[in-house]
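*Asks:* Please see the structure below; I have some questions.
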Amino acid sequence: MIRPVALASLSTLIASVYAQQVGTNTAENHPALSWSKCTKSGGCTSTAATIVLDANWRWLHSTTGFTNCYTGNTWDATLCPPNDPVTCAKNCALDGADYSGTYGITTSGNSLTLKFKTGSNVGSRVYLLESESKYQMFKLKNKEFTFDVDVSGLGCGLNGALYFSEMDADGGVAKSPNNKAGAKYGTGYCDAQCPHDLKFINGEANILDWTGSSTNSGSGRYGTCCSEMDIWEANKIATAYTPHPCSATGLYRCEGSGCDVCDQPGCDFNSYRLGDTSYYGPGLKVDTSKKFTVVTQFKTADGTDNGALTEIRRLYVQNGVVIQNSKVNIPGMAAYDSITEDFCSAQKTAFSDNNIFAQKGGLTQMGKAFANGMVLVMSVWDDYTANMLWLDSAYPLDKPASDPGVTRGTCATTSGVPADVESQQANASVTFSNIKFGDLDSTYTGTNPISSSVRSSTTTRPASSSSSSRTTTRVTTTSATNPPTQTQWGQCGGVRIQFYCSADFH
């Protein structure tokens, strides 16, 4: 039996009366993935853990048989009557996953590899578990998070992402006691884009006003929002790290204008976009043709775990050498090399963007989410909305590539079309490994390490000066081409992407 399912971000799966059911066809066995906890005084200690596949990739079928609840971009009208979200939650069940065979997800020791395409499956998203039924929670203030990554196989239009979302540790079980799935089956997803393509939110199927947006996805009346910290959105051409605060706390189901609770654009640090075009890429200072280490530090005003979040700092280690973050090289901006309130304000002004980051509470609100605890998410995806141009090309397309902040990488504006990416980069993969978390300056070693007391330069470039390295050999679209109907920011972590899940069932 073939089960073609396109499950775009299946989230909190519990009805207020009926539970989202759990299928019995395939046992759920979580792949092992170790990580390390580190202190300045005691070094690093390995911790045994596992990962779990997000619920949206799983087969969703009837509780009494093997009929799909959702096929292509359409709900089964019998199992999921169009105006009865609770009945749909009662009638449909999730099943266990064949991680390597169906989804191309493999682990070995402290290493996780996510293949982009395996058979007809495209992309994946996984979470780090503390136990069989609970996500590992990270409280980031006054800490640093470190991992190794190999993006050498990710070309234009792909994104190997590692980020944190303010999800519930149990996947929503405590808030909806009848939940039979929970974190064990990867439920409870949310992010700052308030995605509407989740099939279940807060215990009800998102079938009201459901509209198919393409062959394998759609969107419903509700979105699901929460604060999000993008540690790593990247391919071998470009990368960005970005905090996205929300005014709401934890997972929040939104509708209509009520979805305006998060900073969807975020305050991003993309070295290429900020004027250093020789910093990140194959053969450059951070050489993406080889594995390297990514370190992100979350600093507070008083140097304590309870202090106010004031700075998010990035550094890299490659070939045993610590590489300082690039410095801003944009007219009118100081030579910032980390994310601070001043950096975000200056960046928004220089790029003529609204400072939604400040409107949603900035680093103060982001710090509150960190204090509540965040879930670690790792994914690989392509972008059906904006072709990943917001990460690695010039975007939006209706602005000149020479305008400040428009050019983000060297990929052509014709790149990233999912059909092309999926046919030409079918064998692509990303590998995350050696995850460490702990005290500042405790998770990495290398020559010329940066002290945690280093602060950004405040030297300001004259507004009239010009960047020395802004030209590219870019292929541009013609003026007659309509730009994607997408906002100026990207879909972080694979929120509105196409998902395919089909496998033989015997």
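Chain labels follow the order of the structure tokens: the first chain is A, the next B, and so on; residue numbering restarts at 1 in every chain, and ligands are counted from 1 in their shown order.
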Where in region 131-370 of chain A does DSSP assign helix (DSSP H, G or I), given as a PyMOL selection string?

*Replies:* chain A and resi 182-185+256-259+341-350+356-359+362-370

*Asks:* Keeping only N, CA, C and O atoms, write the selected residues as a tab-separated table (two decimals), in the first residue's frame.

*Replies:*
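After the write, result09.tsv holds the following:
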chain	number	residue	atom	x	y	z
A	182	GLY	N	2.36	13.75	21.72
A	182	GLY	CA	3.34	14.54	22.46
A	182	GLY	C	4.71	14.55	21.83
A	182	GLY	O	4.90	14.25	20.64
A	183	ALA	N	5.71	14.89	22.65
A	183	ALA	CA	7.07	15.03	22.16
A	183	ALA	C	7.62	13.73	21.58
A	183	ALA	O	8.48	13.74	20.70
A	184	LYS	N	7.14	12.59	22.05
A	184	LYS	CA	7.61	11.31	21.52
A	184	LYS	C	7.40	11.20	20.02
A	184	LYS	O	8.17	10.53	19.32
A	185	TYR	N	6.38	11.90	19.52
A	185	TYR	CA	6.08	11.86	18.09
A	185	TYR	C	6.30	13.22	17.43
A	185	TYR	O	5.83	13.47	16.33
A	256	GLY	N	-5.98	35.75	11.75
A	256	GLY	CA	-6.11	37.06	11.13
A	256	GLY	C	-5.07	38.05	11.62
A	256	GLY	O	-3.89	37.75	11.73
A	257	SER	N	-5.53	39.26	11.96
A	257	SER	CA	-4.61	40.31	12.41
A	257	SER	C	-3.98	39.97	13.75
A	257	SER	O	-2.96	40.56	14.13
A	258	GLY	N	-4.55	38.99	14.46
A	258	GLY	CA	-3.97	38.56	15.72
A	258	GLY	C	-2.66	37.82	15.57
A	258	GLY	O	-2.00	37.51	16.56
A	259	CYS	N	-2.27	37.54	14.33
A	259	CYS	CA	-0.99	36.86	14.08
A	259	CYS	C	0.18	37.83	14.07
A	259	CYS	O	1.33	37.42	13.86
A	341	GLU	N	21.14	45.78	20.67
A	341	GLU	CA	20.04	46.69	20.35
A	341	GLU	C	20.50	47.79	19.41
A	341	GLU	O	19.80	48.17	18.47
A	342	ASP	N	21.70	48.33	19.66
A	342	ASP	CA	22.24	49.39	18.81
A	342	ASP	C	22.46	48.88	17.39
A	342	ASP	O	22.16	49.58	16.41
A	343	PHE	N	23.01	47.68	17.26
A	343	PHE	CA	23.21	47.11	15.93
A	343	PHE	C	21.89	46.98	15.19
A	343	PHE	O	21.77	47.35	14.02
A	344	CYS	N	20.88	46.42	15.85
A	344	CYS	CA	19.59	46.21	15.20
A	344	CYS	C	18.97	47.52	14.75
A	344	CYS	O	18.45	47.62	13.62
A	345	SER	N	19.03	48.52	15.60
A	345	SER	CA	18.47	49.82	15.24
A	345	SER	C	19.21	50.43	14.04
A	345	SER	O	18.59	50.93	13.10
A	346	ALA	N	20.53	50.37	14.07
A	346	ALA	CA	21.32	50.92	12.98
A	346	ALA	C	21.10	50.16	11.68
A	346	ALA	O	21.02	50.76	10.60
A	347	GLN	N	20.99	48.85	11.77
A	347	GLN	CA	20.77	48.04	10.57
A	347	GLN	C	19.43	48.36	9.93
A	347	GLN	O	19.32	48.52	8.71
A	348	LYS	N	18.39	48.45	10.74
A	348	LYS	CA	17.07	48.75	10.20
A	348	LYS	C	17.06	50.11	9.51
A	348	LYS	O	16.43	50.29	8.46
A	349	THR	N	17.74	51.08	10.11
A	349	THR	CA	17.81	52.41	9.50
A	349	THR	C	18.58	52.37	8.19
A	349	THR	O	18.13	52.91	7.17
A	350	ALA	N	19.73	51.71	8.19
A	350	ALA	CA	20.57	51.66	6.99
A	350	ALA	C	19.88	50.93	5.84
A	350	ALA	O	20.07	51.29	4.67
A	356	ILE	N	10.74	46.25	13.51
A	356	ILE	CA	9.75	45.41	14.19
A	356	ILE	C	10.41	44.70	15.37
A	356	ILE	O	9.76	44.38	16.37
A	357	PHE	N	11.72	44.45	15.26
A	357	PHE	CA	12.46	43.82	16.35
A	357	PHE	C	12.27	44.61	17.64
A	357	PHE	O	11.95	44.03	18.69
A	358	ALA	N	12.43	45.93	17.58
A	358	ALA	CA	12.24	46.76	18.76
A	358	ALA	C	10.78	46.79	19.19
A	358	ALA	O	10.47	46.75	20.39
A	359	GLN	N	9.87	46.83	18.22
A	359	GLN	CA	8.45	46.89	18.53
A	359	GLN	C	7.97	45.65	19.30
A	359	GLN	O	7.05	45.74	20.12
A	362	GLY	N	12.53	43.38	21.34
A	362	GLY	CA	13.96	43.27	21.15
A	362	GLY	C	14.62	42.18	21.98
A	362	GLY	O	14.03	41.13	22.27
A	363	LEU	N	15.84	42.45	22.40
A	363	LEU	CA	16.60	41.47	23.17
A	363	LEU	C	15.98	41.21	24.55
A	363	LEU	O	16.12	40.11	25.10
A	364	THR	N	15.27	42.20	25.09
A	364	THR	CA	14.62	41.99	26.39
A	364	THR	C	13.57	40.88	26.30
A	364	THR	O	13.54	39.96	27.13
A	365	GLN	N	12.73	40.95	25.28
A	365	GLN	CA	11.71	39.93	25.10
A	365	GLN	C	12.33	38.59	24.71
A	365	GLN	O	11.88	37.53	25.15
A	366	MET	N	13.40	38.65	23.90
A	366	MET	CA	14.08	37.41	23.53
A	366	MET	C	14.67	36.74	24.76
A	366	MET	O	14.62	35.52	24.92
A	367	GLY	N	15.19	37.56	25.68
A	367	GLY	CA	15.74	37.02	26.92
A	367	GLY	C	14.70	36.33	27.78
A	367	GLY	O	15.00	35.34	28.46
A	368	LYS	N	13.48	36.83	27.76
A	368	LYS	CA	12.41	36.19	28.51
A	368	LYS	C	12.11	34.80	27.96
A	368	LYS	O	11.87	33.84	28.71
A	369	ALA	N	12.12	34.68	26.63
A	369	ALA	CA	11.92	33.37	26.02
A	369	ALA	C	13.06	32.42	26.38
A	369	ALA	O	12.84	31.24	26.68
A	370	PHE	N	14.29	32.94	26.37
A	370	PHE	CA	15.44	32.12	26.76
A	370	PHE	C	15.29	31.61	28.19
A	370	PHE	O	15.64	30.48	28.50

*Asks:* Using only C-alpha atoms, which residues sit within 7 Å of Ser219 (chain A) once same-chain residues fewer than 2 positions away are excluded, as a list in words?

*Replies:*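 Here the answer would be His196, Asp197, Trp210, Thr211, Gly212 and Ser213 of chain A.
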
*Asks:* Any chance you can output those residues with C-alpha atoms as an mmCIF file, in the first residue's frame?

*Replies:*
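Generated output (again.cif):
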data_model
loop_
_atom_site.group_PDB
_atom_site.id
_atom_site.type_symbol
_atom_site.label_atom_id
_atom_site.label_comp_id
_atom_site.auth_asym_id
_atom_site.auth_seq_id
_atom_site.Cartn_x
_atom_site.Cartn_y
_atom_site.Cartn_z
ATOM 1 C CA HIS A 196 -0.653 28.560 8.921
ATOM 2 C CA ASP A 197 0.256 25.313 7.197
ATOM 3 C CA TRP A 210 -8.085 25.227 4.410
ATOM 4 C CA THR A 211 -6.756 26.156 0.971
ATOM 5 C CA GLY A 212 -4.267 24.126 -1.012
ATOM 6 C CA SER A 213 -1.343 26.346 -1.964
#

*Asks:* Do you have the CA of Leu114 (chain A)-CA of Cys246 (chain A) distance handy?

*Replies:*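 Those two atoms sit 28.9 Å apart.
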
*Asks:* Identify which of the residues A:Ser338, A:Thr78, A:Ser152, A:Ser379 lies closest to Val52 (chain A), counting only C-alpha atoms when measuring atom-to-atom distances.

*Replies:* A:Ser379

*Asks:* Write out as a ChimeraX atom specification all residues of region 76-225 of chain A that backbone DSSP assigns to strand (DSSP E or B).

*Replies:* /A:92-94,105-108,111-115,117-118,121-122,124-131,134-135,137-138,143-150,158-165,191,200-201,204-205,211-214,217-219,222-225

*Asks:* I'd like the neighbourhood of region 271-280 of chain A as JSON, numbers by chain, where a residue qualifies if any of its atoms comes within 10 Å (using only C-alpha atoms), though same-chain residues fewer than 6 positions away should be ignored.

*Replies:* {"A": [236, 237, 238, 239, 240, 241, 286, 287, 288, 325, 326, 327, 328, 329, 330, 331, 333, 335, 336, 337, 347, 351, 391, 392, 393, 394, 404, 405, 406, 407, 408, 409, 410, 467, 468, 469, 470, 471, 472]}

*Asks:* Store the residues of this selection in a file with C-alpha atoms, as a PDB file, in the first residue's frame.

*Replies:*
ATOM      1  CA  LYS A 236      27.834  26.898   1.467  1.00  0.00           C
ATOM      2  CA  ILE A 237      27.229  30.357  -0.030  1.00  0.00           C
ATOM      3  CA  ALA A 238      25.643  32.366   2.779  1.00  0.00           C
ATOM      4  CA  THR A 239      24.640  32.218   6.433  1.00  0.00           C
ATOM      5  CA  ALA A 240      22.691  34.298   8.944  1.00  0.00           C
ATOM      6  CA  TYR A 241      21.900  34.171  12.644  1.00  0.00           C
ATOM      7  CA  VAL A 286      35.354  30.647   6.913  1.00  0.00           C
ATOM      8  CA  ASP A 287      35.913  27.966   4.288  1.00  0.00           C
ATOM      9  CA  THR A 288      32.623  26.196   3.676  1.00  0.00           C
ATOM     10  CA  ASN A 325      33.036  37.390  13.405  1.00  0.00           C
ATOM     11  CA  SER A 326      33.061  39.751  10.441  1.00  0.00           C
ATOM     12  CA  LYS A 327      32.537  43.463  10.993  1.00  0.00           C
ATOM     13  CA  VAL A 328      29.817  45.551   9.405  1.00  0.00           C
ATOM     14  CA  ASN A 329      30.974  47.456   6.315  1.00  0.00           C
ATOM     15  CA  ILE A 330      27.868  49.480   5.479  1.00  0.00           C
ATOM     16  CA  PRO A 331      27.803  53.296   5.061  1.00  0.00           C
ATOM     17  CA  MET A 333      26.814  51.982  10.413  1.00  0.00           C
ATOM     18  CA  ALA A 335      31.723  48.359  12.594  1.00  0.00           C
ATOM     19  CA  TYR A 336      29.492  46.095  14.667  1.00  0.00           C
ATOM     20  CA  ASP A 337      30.430  42.428  14.931  1.00  0.00           C
ATOM     21  CA  GLN A 347      20.771  48.040  10.575  1.00  0.00           C
ATOM     22  CA  PHE A 351      18.407  49.131   5.126  1.00  0.00           C
ATOM     23  CA  LEU A 391      19.395  33.971   2.377  1.00  0.00           C
ATOM     24  CA  ASP A 392      21.818  33.644  -0.534  1.00  0.00           C
ATOM     25  CA  SER A 393      20.895  36.026  -3.378  1.00  0.00           C
ATOM     26  CA  ALA A 394      19.417  39.503  -3.970  1.00  0.00           C
ATOM     27  CA  PRO A 404      21.954  48.452   1.058  1.00  0.00           C
ATOM     28  CA  GLY A 405      20.817  45.153   2.521  1.00  0.00           C
ATOM     29  CA  VAL A 406      19.349  43.689  -0.659  1.00  0.00           C
ATOM     30  CA  THR A 407      22.247  41.436  -1.691  1.00  0.00           C
ATOM     31  CA  ARG A 408      22.774  38.564   0.736  1.00  0.00           C
ATOM     32  CA  GLY A 409      25.005  36.175  -1.268  1.00  0.00           C
ATOM     33  CA  THR A 410      26.318  35.348  -4.725  1.00  0.00           C
ATOM     34  CA  SER A 467      31.649  49.665   0.153  1.00  0.00           C
ATOM     35  CA  SER A 468      34.724  48.302  -1.566  1.00  0.00           C
ATOM     36  CA  SER A 469      33.274  44.890  -2.233  1.00  0.00           C
ATOM     37  CA  ARG A 470      29.632  45.127  -3.222  1.00  0.00           C
ATOM     38  CA  THR A 471      29.790  44.099  -6.888  1.00  0.00           C
ATOM     39  CA  THR A 472      28.940  40.553  -7.914  1.00  0.00           C
TER      40      THR A 472
END

*Asks:* Nearest residue to Lys90 (chain A) out of A:Val377, A:Leu140, A:Leu60, A:Ala49, using only C-alpha atoms?

*Replies:*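 Nearest to Lys90 (chain A): A:Leu60.
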
*Asks:* Restricting the calculation to only C-alpha atoms: of A:Gly373, A:Gly283, A:Gly303, A:Gly332, which residue gets closest to Met167 (chain A)?

*Replies:*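 Selected residue with least distance to Met167 (chain A): A:Gly373.
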
*Asks:* Kindly indicate which residue among A:Val173, A:Leu389, A:Ile323, A:Leu376 lies nearest to Ala401 (chain A), using only C-alpha atoms for the distances.

*Replies:* A:Leu389

*Asks:* Could you name the residues that touch Leu440 (chain A) at 7 Å or less, counting only C-alpha atoms, but leaving out those on the same chain fewer than 3 positions away, as a ChimeraX atom specification?

*Replies:* /A:142-144,297,452

*Asks:* Enter the distance from CA of Ile201 (chain A) to CA of Gly65 (chain A), in Å, rounded to one decimal.

*Replies:*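 Interatomic distance here is 23.7 Å.
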